[in-house]
$ cat entry03.cif   # mmCIF, C-alpha atoms
data_my_file
loop_
_atom_site.label_atom_id
_atom_site.label_comp_id
_atom_site.auth_asym_id
_atom_site.auth_seq_id
_atom_site.Cartn_x
_atom_site.Cartn_y
_atom_site.Cartn_z
CA MET A 14 -57.42 116.20 -41.09
CA ALA A 15 -54.37 114.45 -42.45
CA VAL A 16 -53.10 111.48 -40.53
CA LYS A 17 -49.75 112.00 -38.86
CA ASP A 18 -47.27 110.55 -41.32
CA GLU A 19 -44.79 108.73 -39.07
CA GLY A 20 -47.53 107.16 -37.00
CA ALA A 21 -49.33 106.00 -40.13
CA ALA A 22 -46.18 104.44 -41.57
CA TRP A 23 -45.54 102.46 -38.38
CA SER A 24 -49.13 101.42 -38.12
CA ILE A 25 -49.01 100.11 -41.71
CA PHE A 26 -45.90 98.17 -40.78
CA GLY A 27 -47.76 96.67 -37.81
CA TYR A 28 -50.73 95.61 -39.94
CA LEU A 29 -48.52 93.94 -42.54
CA LEU A 30 -46.48 92.16 -39.89
CA SER A 31 -49.52 90.86 -38.05
CA GLY A 32 -51.15 89.81 -41.32
CA LEU A 33 -48.14 87.81 -42.41
CA LEU A 34 -47.59 86.34 -38.95
CA PHE A 35 -51.21 85.38 -38.33
CA TRP A 36 -52.22 83.86 -41.67
CA GLY A 37 -48.70 82.68 -42.45
CA GLY A 38 -48.58 81.06 -39.02
CA ALA A 39 -51.95 79.40 -39.66
CA GLY A 40 -50.62 78.08 -42.99
CA TRP A 41 -47.46 76.86 -41.32
CA LEU A 42 -49.48 74.96 -38.75
CA MET A 43 -51.60 73.39 -41.51
CA ASP A 44 -48.41 72.31 -43.27
CA HIS A 45 -47.05 70.89 -40.07
CA TRP A 46 -50.23 69.00 -39.45
CA LEU A 47 -51.00 67.70 -42.94
CA LYS A 48 -47.34 67.27 -44.05
CA THR A 49 -47.85 69.47 -47.11
CA HIS A 50 -45.88 72.45 -48.43
CA PHE A 51 -48.24 74.87 -50.08
CA PHE A 52 -50.34 76.12 -47.16
CA LEU A 53 -47.52 78.29 -45.82
CA LEU A 54 -47.11 80.14 -49.10
CA GLY A 55 -50.86 80.44 -49.53
CA GLY A 56 -51.23 81.74 -45.99
CA LEU A 57 -48.51 84.33 -46.50
CA VAL A 58 -50.10 85.61 -49.71
CA LEU A 59 -53.54 85.67 -48.07
CA GLY A 60 -52.17 87.51 -45.03
CA ALA A 61 -50.36 90.09 -47.13
CA GLY A 62 -53.47 90.59 -49.24
CA ALA A 63 -55.70 91.00 -46.19
CA ALA A 64 -53.25 93.42 -44.59
CA ILE A 65 -53.02 95.56 -47.72
CA TYR A 66 -56.82 95.54 -47.96
CA LEU A 67 -56.97 96.72 -44.36
CA VAL A 68 -54.42 99.45 -45.06
CA TRP A 69 -56.49 100.55 -48.03
CA LEU A 70 -59.62 100.64 -45.85
CA ARG A 71 -57.92 102.67 -43.18
CA PHE A 72 -55.64 105.01 -45.11
CA GLY A 73 -56.54 104.77 -48.78
CA ARG A 74 -60.22 105.70 -48.75
CA GLU A 75 -61.19 109.31 -49.17
CA MET B 10 -17.73 81.47 -38.99
CA LYS B 11 -21.18 80.16 -38.18
CA GLY B 12 -24.58 81.31 -39.31
CA THR B 13 -27.19 80.79 -41.94
CA LEU B 14 -27.17 81.97 -45.54
CA ASN B 15 -30.87 82.80 -45.23
CA LEU B 16 -29.97 86.02 -43.46
CA VAL B 17 -27.61 87.04 -46.28
CA GLY B 18 -30.43 86.36 -48.70
CA TYR B 19 -32.79 88.44 -46.60
CA GLY B 20 -30.27 91.27 -46.55
CA LEU B 21 -30.07 91.19 -50.34
CA SER B 22 -33.83 91.00 -50.76
CA ALA B 23 -34.35 93.97 -48.44
CA ILE B 24 -32.39 96.26 -50.79
CA GLY B 25 -35.24 96.49 -53.27
CA PRO B 26 -38.01 97.51 -50.83
CA ALA B 27 -35.60 99.90 -49.10
CA ILE B 28 -34.93 101.76 -52.35
CA ALA B 29 -38.63 101.65 -53.21
CA THR B 30 -39.67 103.11 -49.84
CA GLY B 31 -37.07 105.85 -50.19
CA MET B 32 -38.28 106.76 -53.66
CA ILE B 33 -41.96 106.75 -52.64
CA PHE B 34 -41.43 109.09 -49.71
CA ALA B 35 -39.01 111.28 -51.68
CA ALA B 36 -41.68 111.78 -54.32
CA TYR B 37 -44.35 112.34 -51.65
CA ILE B 38 -42.28 114.91 -49.80
CA SER B 39 -41.34 116.84 -52.93
CA GLY B 40 -44.94 116.74 -54.10
CA VAL B 41 -46.23 118.14 -50.81
CA ALA B 42 -43.44 120.72 -50.71
CA ARG B 43 -44.38 122.04 -54.13
CA GLN B 44 -48.10 122.02 -53.54
CA PRO B 45 -49.11 121.72 -49.87
CA GLU B 46 -52.83 121.55 -50.65
CA ALA B 47 -52.25 118.32 -52.61
CA ARG B 48 -51.34 116.54 -49.37
CA SER B 49 -54.71 114.89 -48.82
CA VAL B 50 -54.66 113.55 -52.39
CA LEU B 51 -51.10 112.30 -52.26
CA GLN B 52 -51.14 110.76 -48.79
CA PRO B 53 -53.29 107.65 -49.52
CA ILE B 54 -51.34 106.93 -52.70
CA ALA B 55 -48.01 107.24 -50.90
CA PHE B 56 -49.12 105.01 -48.04
CA LEU B 57 -50.51 102.34 -50.37
CA GLY B 58 -47.26 102.30 -52.32
CA PHE B 59 -45.38 102.09 -49.04
CA ALA B 60 -47.57 99.18 -47.91
CA LEU B 61 -46.95 97.27 -51.14
CA ALA B 62 -43.18 97.77 -50.94
CA GLU B 63 -43.07 96.95 -47.23
CA ALA B 64 -45.06 93.73 -47.78
CA LEU B 65 -42.22 92.45 -49.97
CA ALA B 66 -39.63 93.24 -47.30
CA LEU B 67 -41.68 91.44 -44.65
CA PHE B 68 -42.17 88.46 -46.97
CA GLY B 69 -38.39 88.19 -47.11
CA LEU B 70 -38.12 88.50 -43.33
CA VAL B 71 -40.70 85.79 -42.65
CA LEU B 72 -39.32 83.41 -45.27
CA ALA B 73 -35.77 83.91 -43.98
CA PHE B 74 -36.91 82.46 -40.67
CA VAL B 75 -39.23 79.77 -42.01
CA LEU B 76 -37.37 78.19 -44.92
CA MET C 8 2.70 87.96 -49.65
CA ARG C 9 4.24 87.94 -46.23
CA SER C 10 2.02 90.72 -44.97
CA LEU C 11 -1.01 88.90 -46.29
CA HIS C 12 0.04 85.84 -44.39
CA LEU C 13 0.50 87.95 -41.27
CA LEU C 14 -2.88 89.53 -41.88
CA ARG C 15 -4.43 86.13 -41.73
CA MET C 16 -2.50 85.37 -38.57
CA GLU C 17 -3.72 88.63 -37.06
CA GLY C 18 -7.26 87.93 -38.13
CA ALA C 19 -7.24 84.65 -36.27
CA GLY C 20 -6.71 86.43 -32.94
CA PHE C 21 -9.56 88.89 -33.29
CA VAL C 22 -12.73 88.04 -31.44
CA PRO C 23 -15.61 89.93 -33.09
CA PRO C 24 -18.03 91.54 -30.62
CA SER C 25 -21.15 89.46 -30.05
CA THR C 26 -24.10 89.21 -27.73
CA ASN C 27 -21.69 88.06 -25.00
CA ASP C 28 -20.47 91.65 -24.73
CA PHE C 29 -23.92 92.62 -23.45
CA ASN C 30 -23.99 90.14 -20.57
CA LEU C 31 -21.94 92.07 -18.07
CA PRO C 32 -20.84 90.55 -14.76
CA PRO C 33 -22.33 91.89 -11.50
CA VAL C 34 -20.60 94.98 -10.16
CA PHE C 35 -20.77 93.80 -6.54
CA SER C 36 -19.81 90.16 -6.78
CA ASN C 37 -22.02 88.99 -3.88
CA ASN C 38 -25.24 90.32 -5.44
CA PRO C 39 -26.25 89.04 -8.89
CA TYR C 40 -28.88 91.77 -9.40
CA THR C 41 -26.54 94.76 -9.41
CA THR C 42 -25.35 94.58 -12.99
CA LYS C 43 -24.27 97.65 -14.91
CA PRO C 44 -27.59 98.22 -16.77
CA VAL C 45 -29.57 98.11 -13.53
CA LEU C 46 -27.24 100.61 -11.87
CA LEU C 47 -27.42 102.82 -14.97
CA VAL C 48 -31.22 102.83 -14.80
CA PHE C 49 -31.05 103.95 -11.16
CA LEU C 50 -28.47 106.57 -12.09
CA SER C 51 -30.69 107.85 -14.90
CA VAL C 52 -33.59 108.31 -12.50
CA ILE C 53 -31.34 110.29 -10.15
CA VAL C 54 -29.92 112.40 -12.98
CA VAL C 55 -33.33 113.24 -14.43
CA SER C 56 -34.77 114.08 -10.99
CA ILE C 57 -31.86 116.32 -10.02
CA PHE C 58 -31.86 118.08 -13.38
CA PHE C 59 -35.53 118.99 -13.29
CA ILE C 60 -35.56 119.86 -9.58
CA MET C 61 -32.62 122.21 -10.17
CA ALA C 62 -34.26 123.63 -13.29
CA SER C 63 -37.59 124.35 -11.64
CA ARG C 64 -36.46 125.33 -8.14
CA LYS C 65 -35.78 128.97 -8.80
CA ALA C 66 -38.40 129.59 -11.45
CA ALA C 67 -38.21 133.18 -12.63
CA ILE C 68 -39.83 135.32 -15.30
CA VAL C 69 -36.44 135.75 -16.90
CA PRO C 70 -35.24 132.14 -16.93
CA SER C 71 -31.74 131.04 -16.13
CA ARG C 72 -29.99 128.83 -18.61
CA LEU C 73 -30.89 125.67 -16.72
CA GLN C 74 -34.52 126.67 -16.38
CA PHE C 75 -34.63 127.49 -20.07
CA ALA C 76 -33.30 124.05 -21.01
CA GLY C 77 -35.79 122.28 -18.75
CA GLU C 78 -38.67 124.34 -20.07
CA LYS C 79 -37.68 123.66 -23.67
CA ILE C 80 -37.77 119.89 -23.13
CA TYR C 81 -41.08 120.11 -21.30
CA GLU C 82 -42.59 122.36 -23.95
CA PHE C 83 -41.45 120.00 -26.68
CA VAL C 84 -43.17 117.03 -25.08
CA ARG C 85 -46.29 118.97 -24.11
CA ASN C 86 -46.87 120.84 -27.34
CA ASP C 87 -45.29 118.86 -30.15
CA VAL C 88 -45.95 115.36 -28.86
CA ALA C 89 -48.99 115.52 -26.60
CA ARG C 90 -51.13 118.46 -27.76
CA ASP C 91 -50.69 118.00 -31.50
CA ASN C 92 -51.61 114.32 -31.38
CA ILE C 93 -54.00 113.74 -28.52
CA GLY C 94 -56.18 116.84 -28.75
CA HIS C 95 -58.07 118.66 -26.04
CA GLU C 96 -57.65 116.06 -23.28
CA PHE C 97 -53.88 116.01 -23.58
CA MET C 98 -52.98 117.47 -20.17
CA ARG C 99 -53.82 114.20 -18.39
CA PHE C 100 -51.13 112.32 -20.30
CA VAL C 101 -48.32 114.87 -20.25
CA PRO C 102 -46.79 113.55 -16.97
CA TYR C 103 -46.58 110.01 -18.32
CA LEU C 104 -45.27 111.04 -21.72
CA PHE C 105 -42.75 113.45 -20.20
CA THR C 106 -41.42 110.81 -17.79
CA LEU C 107 -41.20 108.28 -20.60
CA PHE C 108 -39.34 110.66 -22.89
CA THR C 109 -36.77 111.87 -20.38
CA PHE C 110 -36.20 108.36 -18.98
CA VAL C 111 -35.65 106.73 -22.37
CA LEU C 112 -33.58 109.64 -23.64
CA THR C 113 -31.26 109.65 -20.63
CA ASN C 114 -30.79 105.90 -20.74
CA ASN C 115 -30.07 105.99 -24.47
CA ILE C 116 -27.57 108.81 -24.17
CA PHE C 117 -25.72 106.85 -21.48
CA GLY C 118 -24.63 104.70 -24.42
CA ILE C 119 -22.19 107.35 -25.60
CA VAL C 120 -21.32 109.14 -22.35
CA PRO C 121 -17.65 108.36 -21.63
CA LEU C 122 -17.06 105.86 -18.79
CA LEU C 123 -20.71 104.82 -18.67
CA GLN C 124 -21.05 103.85 -22.34
CA PHE C 125 -23.79 101.31 -22.12
CA PRO C 126 -27.39 101.86 -23.23
CA ALA C 127 -29.57 99.99 -20.74
CA MET C 128 -32.26 99.68 -23.42
CA SER C 129 -30.03 97.23 -25.32
CA HIS C 130 -31.27 94.64 -22.82
CA VAL C 131 -34.66 93.72 -24.18
CA SER C 132 -36.35 93.45 -20.77
CA PHE C 133 -36.27 97.22 -20.12
CA PRO C 134 -38.16 98.15 -23.34
CA TYR C 135 -40.59 95.30 -22.64
CA VAL C 136 -41.51 96.84 -19.29
CA LEU C 137 -41.97 100.28 -20.85
CA ALA C 138 -44.12 98.82 -23.62
CA ILE C 139 -46.26 96.97 -21.06
CA PHE C 140 -46.87 100.29 -19.26
CA THR C 141 -47.91 101.91 -22.54
CA PHE C 142 -50.09 98.91 -23.39
CA ILE C 143 -51.92 99.15 -20.06
CA VAL C 144 -52.30 102.93 -20.33
CA PHE C 145 -53.81 103.09 -23.79
CA HIS C 146 -56.17 100.15 -23.37
CA TYR C 147 -57.28 101.40 -19.95
CA VAL C 148 -57.95 104.86 -21.34
CA GLY C 149 -59.91 103.48 -24.27
CA ILE C 150 -62.02 101.17 -22.11
CA ARG C 151 -62.70 103.93 -19.56
CA LYS C 152 -63.76 106.34 -22.25
CA GLN C 153 -65.94 104.11 -24.43
CA GLY C 154 -66.82 101.07 -22.36
CA ILE C 155 -65.30 97.66 -22.99
CA GLY C 156 -67.91 96.43 -25.47
CA LYS C 157 -67.80 99.43 -27.76
CA TYR C 158 -64.02 99.66 -27.56
CA LEU C 159 -63.53 96.04 -28.64
CA LYS C 160 -66.21 96.36 -31.32
CA ASP C 161 -64.46 99.42 -32.75
CA ILE C 162 -61.21 97.52 -32.90
CA MET C 163 -62.62 94.34 -34.37
CA PHE C 164 -65.13 95.51 -36.96
CA MET C 165 -64.30 98.17 -39.51
CA PRO C 166 -67.38 99.86 -40.91
CA GLY C 167 -68.13 99.62 -44.62
CA VAL C 168 -66.77 96.13 -45.28
CA PRO C 169 -68.67 93.11 -46.63
CA LYS C 170 -69.47 90.61 -43.87
CA ALA C 171 -67.29 87.84 -45.30
CA ALA C 172 -64.17 89.98 -45.08
CA TYR C 173 -64.41 90.08 -41.28
CA ILE C 174 -63.11 86.51 -41.17
CA LEU C 175 -59.91 87.80 -42.74
CA LEU C 176 -59.67 91.18 -41.04
CA THR C 177 -60.81 90.70 -37.44
CA PRO C 178 -57.89 88.43 -36.42
CA LEU C 179 -55.50 90.93 -37.95
CA GLU C 180 -56.98 93.85 -36.04
CA LEU C 181 -56.87 91.92 -32.78
CA ALA C 182 -53.31 90.72 -33.37
CA THR C 183 -52.21 94.25 -34.30
CA PHE C 184 -53.74 95.94 -31.28
CA PHE C 185 -52.89 93.37 -28.62
CA ILE C 186 -49.66 91.70 -29.75
CA VAL C 187 -47.86 93.45 -32.58
CA ARG C 188 -48.15 97.03 -31.28
CA PRO C 189 -46.45 96.54 -27.88
CA LEU C 190 -44.01 94.06 -29.39
CA THR C 191 -42.83 96.34 -32.19
CA LEU C 192 -42.78 99.32 -29.82
CA SER C 193 -40.29 97.58 -27.53
CA LEU C 194 -38.33 95.72 -30.19
CA ARG C 195 -37.74 98.88 -32.22
CA LEU C 196 -36.09 100.61 -29.28
CA PHE C 197 -34.19 97.48 -28.29
CA ALA C 198 -32.93 96.72 -31.79
CA ASN C 199 -31.74 100.26 -32.42
CA MET C 200 -29.83 100.46 -29.15
CA PHE C 201 -28.42 96.94 -29.51
CA ALA C 202 -27.26 97.46 -33.09
CA GLY C 203 -25.83 100.88 -32.33
CA HIS C 204 -23.80 99.62 -29.39
CA LEU C 205 -22.57 96.65 -31.42
CA LEU C 206 -21.58 98.96 -34.27
CA LEU C 207 -19.49 101.14 -31.97
CA LEU C 208 -17.90 98.04 -30.44
CA VAL C 209 -16.92 96.73 -33.87
CA PHE C 210 -15.13 99.93 -34.84
CA ILE C 211 -13.45 100.70 -31.52
CA LEU C 212 -12.36 97.13 -30.73
CA GLY C 213 -11.36 96.60 -34.36
CA GLY C 214 -9.27 99.76 -34.35
CA ASP C 215 -7.67 98.69 -31.10
CA HIS C 216 -6.86 95.30 -32.57
CA LEU C 217 -5.40 96.84 -35.74
CA LEU C 218 -3.17 99.02 -33.58
CA LYS C 219 -1.53 95.91 -32.16
CA GLY C 220 -0.82 94.51 -35.66
CA VAL C 221 2.04 94.99 -38.13
CA ILE C 222 3.02 98.48 -39.33
CA GLY C 223 0.66 98.38 -42.33
CA LEU C 224 -2.28 97.65 -40.09
CA LYS C 225 -1.25 100.34 -37.59
CA LEU C 226 -1.66 102.87 -40.40
CA ILE C 227 -5.22 101.72 -41.02
CA SER C 228 -6.32 101.85 -37.41
CA PRO C 229 -6.80 105.68 -37.26
CA PHE C 230 -9.47 105.32 -39.93
CA ALA C 231 -11.28 102.76 -37.80
CA PHE C 232 -11.13 105.10 -34.81
CA ALA C 233 -12.27 108.05 -36.93
CA PHE C 234 -15.22 106.04 -38.14
CA GLY C 235 -15.91 105.07 -34.55
CA ILE C 236 -16.00 108.73 -33.49
CA GLY C 237 -18.15 109.70 -36.46
CA LEU C 238 -20.57 106.89 -35.73
CA THR C 239 -20.74 108.05 -32.10
CA PHE C 240 -22.32 111.30 -33.29
CA PHE C 241 -24.59 109.34 -35.59
CA GLU C 242 -25.56 107.22 -32.59
CA PHE C 243 -26.44 110.37 -30.63
CA MET C 244 -28.89 111.26 -33.37
CA VAL C 245 -30.39 107.77 -33.42
CA GLN C 246 -30.75 107.75 -29.64
CA CYS C 247 -32.65 111.05 -29.56
CA LEU C 248 -34.80 109.91 -32.47
CA GLN C 249 -35.71 106.61 -30.84
CA ALA C 250 -36.70 108.28 -27.57
CA TYR C 251 -38.88 110.66 -29.60
CA ILE C 252 -40.47 107.87 -31.64
CA PHE C 253 -41.24 105.82 -28.53
CA THR C 254 -43.01 108.78 -26.93
CA LEU C 255 -44.74 109.80 -30.16
CA LEU C 256 -46.13 106.33 -30.78
CA THR C 257 -47.36 106.13 -27.19
CA ALA C 258 -49.17 109.43 -27.72
CA LEU C 259 -50.63 108.22 -31.01
CA TYR C 260 -51.88 104.98 -29.46
CA ILE C 261 -53.54 106.95 -26.66
CA ALA C 262 -55.08 109.26 -29.24
CA GLY C 263 -56.38 106.26 -31.21
CA ALA C 264 -57.94 104.78 -28.08
CA LEU C 265 -59.60 108.08 -27.20
CA ALA C 266 -61.03 108.71 -30.67
CA ASP C 267 -64.65 107.65 -31.04
CA GLU C 268 -64.14 105.94 -34.36
CA HIS C 269 -60.95 105.24 -36.24
#
$ encode --input "entry03.cif" --output "structure tokens"
Amino acid sequence: MAVKDEGAAWSIFGYLLSGLLFWGGAGWLMDHWLKTHFFLLGGLVLGAGAAIYLVWLRFGRE
Amino acid sequence: MKGTLNLVGYGLSAIGPAIATGMIFAAYISGVARQPEARSVLQPIAFLGFALAEALALFGLVLAFVL
Amino acid sequence: MRSLHLLRMEGAGFVPPSTNDFNLPPVFSNNPYTTKPVLLVFLSVIVVSIFFIMASRKAAIVPSRLQFAGEKIYEFVRNDVARDNIGHEFMRFVPYLFTLFTFVLTNNIFGIVPLLQFPAMSHVSFPYVLAIFTFIVFHYVGIRKQGIGKYLKDIMFMPGVPKAAYILLTPLELATFFIVRPLTLSLRLFANMFAGHLLLLVFILGGDHLLKGVIGLKLISPFAFAFGIGLTFFEFMVQCLQAYIFTLLTALYIAGALADEH
């Protein structure tokens, strides 16, 4: 059965947001702690990658 | 006038993902309208494209607050 | 050149609408809790109750117009929102979904009803409370149906993923289910109502201000008012849509909690 489209779109939005906030937030804290600048960017990329992987697992697989 | 230019930058950077999302769903809708049985094939592709475009918009949103 | 100078002078006097326009003073000055949004929420409860009591009091085979309208709204929530998404157990959740839909819809539409003209949902605390209700309902239903251990395990661990990926994915699943979902549910409703009310304020107050200006500006002000009226109809559409989306997402979350595996 096909997933309901509007619900799926909002749920993708939620995954991406939580991915960026969680891993980006972790990177921001590392930056704050170690006085560096690259952990935030790394965390954001990692979070976006993890969230897209999760979206693929949930909606992209046949 | 008070405020931060970051939000103007975010507004500009949201244009691209907005157009992309519109185009993805336009193509998805017209594809399903022409051939309803192709829905199950098209849906994952459309949602993955949507996720990629939306990730860029959220990047802009997060960076507008952080930087 | 002179008119441009005057334009600048005029522009200096205009106070653009801001968040201060949402902090209304108490209606009864001796009680700080009776602000306009609170009274509107009470009014919406009364309006919804009276409408559906009137609509269902003289239920007949051949429905009156009022009964027909009430039945249409109920049918919409029961069939299109609850039954199509939740499945065979949907009847248990129809009362909650129906209350949610009519309550949010009435409060939203108060934003464009003349004389009332304030959507209570543009104060973020009201959507927060509704989202907390939804949060409790869908987690409670999921835990009751599957048991707390299995429910949490289903949320945290997706099947068919290498073990190492759980370090990345489990925090995301937990954050999505317990923080981001209720937060986005309430903020979406709040932001739409807030932005819509602000948009109408900009056009109506701006048109009013232009009307007080020099003759050239007076000629422009009808366009501002026309835009304001057009946007009012647009707002009506947005308000109905947001009430629908809030109810639909609640139904989808309940359905997700009831399903054995995602």
$ resolve_selection --input "entry03.cif" --expression "the PyMOL selection byres ((chain B) within 9 of (chain A))" --output "PyMOL selection string"
chain B and resi 48-50+52-54+56-57+59-61+63-65+67-68+71+75
$ resolve_selection --input "entry03.cif" --expression "the PyMOL selection byres ((chain B and resi 74) around 10)" --output "list in words"
Thr13, Asn15, Leu16, Tyr19, Gly69, Leu70, Val71, Leu72, Ala73, Val75 and Leu76 of chain B
$ closest_residue --input "entry03.cif" --among "C:Arg64, C:Leu218, C:Val52, C:Ile162" --to "Gly149 of chain C" --atoms "all atoms listed in the file"
C:Ile162
$ closest_residue --input "entry03.cif" --among "C:Gly223, C:Pro44, C:Pro23, C:Pro39" --to "chain B" --atoms "all atoms listed in the file"
C:Pro23
$ residues_around --input "entry03.cif" --residues "Ala55 of chain B" --least-positions-apart "3" --cutoff "8 Å" --atoms "all atoms listed in the file" --output "list in words"
Ile33, Phe34, Tyr37, Leu51, Gln52, Gly58 and Phe59 of chain B
$ residues_around --input "entry03.cif" --residues "Gly56 of chain A" --least-positions-apart "6" --cutoff "7 Å" --atoms "all atoms listed in the file" --output "ChimeraX atom specification"
/A:36-37,39-40
$ resolve_selection --input "entry03.cif" --expression "the PyMOL selection byres ((chain C and resi 43) around 8)" --output "PyMOL selection string"
chain C and resi 31-34+41-42+44-47
$ residues_around --input "entry03.cif" --residues "Val101 of chain C" --least-positions-apart "2" --cutoff "8 Å" --atoms "all atoms listed in the file" --output "compact mmCIF listing (two decimals) with C-alpha atoms, keeping the file's coordinate frame"
# COMPACT_ATOMS: atom_id res chain seq x y z
CA VAL C 84 -43.17 117.03 -25.08
CA ARG C 85 -46.29 118.97 -24.11
CA ALA C 89 -48.99 115.52 -26.60
CA PHE C 97 -53.88 116.01 -23.58
CA MET C 98 -52.98 117.47 -20.17
CA ARG C 99 -53.82 114.20 -18.39
CA TYR C 103 -46.58 110.01 -18.32
CA LEU C 104 -45.27 111.04 -21.72
CA PHE C 105 -42.75 113.45 -20.20
$ closest_residue --input "entry03.cif" --among "A:Leu42, A:Leu47, A:Phe52, A:Ala63" --to "chain C" --atoms "only C-alpha atoms"
A:Ala63
$ interface_residues --input "entry03.cif" --of "chain C" --to "chain A" --cutoff "7 Å" --atoms "only C-alpha atoms" --output "PyMOL selection string"
chain C and resi 175-176+179+182-183+187-188+256+259
$ atom_distance --input "entry03.cif" --atom1 "atom CA of His216 of chain C" --atom2 "atom CA of Ala231 of chain C"
10.1 Å
$ atom_distance --input "entry03.cif" --atom1 "atom CA of Pro134 of chain C" --atom2 "atom CA of Tyr40 of chain C"
17.9 Å
$ atom_distance --input "entry03.cif" --atom1 "atom CA of Phe240 of chain C" --atom2 "atom CA of Phe210 of chain C"
13.5 Å
$ axis_aligned_box --input "entry03.cif" --around "segment 30-37 of chain B" --padding-each-side "6 Å" --output "JSON"
{"center_x": -40.7, "center_y": 107.7, "center_z": -52.0, "size_x": 19.3, "size_y": 21.2, "size_z": 16.6}
$ residues_around --input "entry03.cif" --residues "Ile252 of chain C" --least-positions-apart "3" --cutoff "10 Å" --atoms "only C-alpha atoms" --output "list in words"
Glu19 and Gly20 of chain A; Val88, Phe108, Leu192, Arg195, Leu196, Gln246, Cys247, Leu248, Gln249, Leu255, Leu256, Thr257 and Ala258 of chain C
$ residues_around --input "entry03.cif" --residues "Gly214 of chain C" --least-positions-apart "5" --cutoff "8 Å" --atoms "only C-alpha atoms" --output "list in words"
Ser228, Pro229, Phe230, Ala231 and Phe232 of chain C
